[in-house]
Structures are given as structure tokens and as C-alpha cells.
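Colleague: My structure is below; once you've seen it, I'll send some questions.
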Amino acid sequence: MLAGLAEVAGAMLEPFVLEGRFVRLEPLSMDHIEALVQASGEDRSHYQWTYTPEGTAQMTDYVADALRQVATGAHVAFASVRLGGGAAGARAGADQVVGATRFCEMHYWQWPPGATNQRHGIPDVTDIGFTWLSGSAQRSAINTEAKLLMMGHAFEVWEVHRVALQTDVRNKRSRAAIERIGGQLDGIMRADRPGSDDTVRTSARYSIMKAEWPAVQQRLRERLER
């Protein structure tokens, strides 16, 4: 199975950059580790529900694992870079690494023979996850624009049928944010995965369908303008 995923990666998942007014999403690499350590250490009080590596050793393991997932075609991982004075409306100063995010849980469906929806090397559905930001980047335009860029790529370039987002069921702030942009609750996944607080996490899983993307895109753009 890993060999098959590697072929998919070679066909479709060449490194690419997504850039807007406030954030640049660039392919995650080992070169980002030092800056990510600084970002994650800025204010640890923000990470109650999201696992965020702390220190060089944890961050090195985190990035190395992400790159293994990228190599098999299972994930597309980015470093989130806050744009400095070079982008209109962005915070003045030099560009700064402020976190990370990924396309993950990418699935390639096997359609019945002759199906017109069958494609090769392009995921049918994807999640956006493994997202964390430094304390100073939270409650800013960065996360909103990153979601706009990633969903735009998923729906308009890959033409996926669904983008999913999930969070700890206890994370009311994250759930409210997903619901505000139009994410629909698909269900509660009990005992879904390890929690960031050394518990067995129950996840709230949301999705946005291809037909819903124009309305969601408009909401995200309106939030950016505000």
C-alpha cells in the first residue's frame, strides 16, 4: 500500500506554495525546526486541546514524522509563515514562521469500472488538520486566510468532493469557528484518538461539501475583510 501511495505522491503531490495577503504556506522541512520551536514556545497556554511539540527534540520528531507522511503521499504538510512588510495589509517587519498545518486523511476512491468520476493521482476527499499557531498569531487573519487558501486548492485545483475538519469535542472555541464558516457536523467520534491532555479523545467531525464551498469561501473572505 505504501508503494501505491508513493506513486500517487510522485504524480500529484509535488511541493507547492499557497500565498495570500497575510500568510504563506510553504512546504514543511527540517529547516523550519528552529523557528517552529520559537513559535510553539511563545505561549503554551493556548494548546489545551491541540498537541503542539515543545522544544527541539519534540519538534524534530514532529517534523520528521510529517515528512515521512509526505513521502508516502498521505499528507501535504506546510509551515505557516506570517508575511511581513512585503504584503499589503500584513504586519510590518520580516516574514516569521508562526505554526504548521496539513492536508491529511486524503483518500483516493476506487470507483466502479467506467465511472466518469474516477481520477488518478488526485484525492477524492481530504481533511485539513495538524494545525497550530503561535500565541501571537491566534485570533488573527492568518488562520482564516490559511483555510481559504487550502480549501480553495482542494476544491478548485484537486476538485475534491469534501473537505473535513475535526477537533476535540471539548474545544468549544474551535467548534464554534468551524460552524461560523459553514462547517456541518457529521458526527461525534467516540474514543477517536489520543488527546493532547493524556486522555482518550472524542472528536467532533465537520465537513464542507463541494457544493457548499462558494458560500463558505464568501464567509471566509468577509471575515478577512473585517
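So you can find residues: chains in the C-alpha cells are A, B, ... in the order shown, residues in each start at 1, and ligands are numbered from 1 in order.
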Tell me which protein, DNA and RNA residues are within 8 Å of His75 (chain A), counting only C-alpha atoms, leaving out same-chain ones fewer than 2 positions away, and put them as a list of chain:residue names.

Modeller: A:Ala66, A:Gln69, A:Val70, A:Thr72, A:Gly73, A:Ala77, A:Arg102, A:Phe103, A:Cys104, A:Glu105, A:Met106

Colleague: Excluding Ser45 (chain A) and its own-chain neighbours fewer than 6 positions away, which residues fall within 12 Å of it when counting only C-alpha atoms? Please give them as a list in words.

Modeller: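 Contacts, in chain order: Tyr51, Thr52, Leu133, Ser134, Gly135, Ser136 and Gln138 of chain A.
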
Colleague: Could you work out how far CA of Glu42 (chain A) lies from CA of Val98 (chain A), giving the answer in Å with one decimal?

Modeller: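 Interatomic distance, CA of Val98 (chain A) to CA of Glu42 (chain A): 9.6 Å.
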
Colleague: Between A:Ile122, A:Ala204, A:Met150, A:Ala35, which residue has the minimum interatomic distance to Val17 (chain A), considering only C-alpha atoms?

Modeller: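 Looking only at the distances to Val17 (chain A), the closest residue turns out to be A:Met150.
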
Colleague: As a ChimeraX atom specification, please: the residues near Gln217 (chain A) (cut-off 9 Å, only C-alpha atoms, same-chain neighbours under 6 positions excluded).

Modeller: /A:148,151-152,181
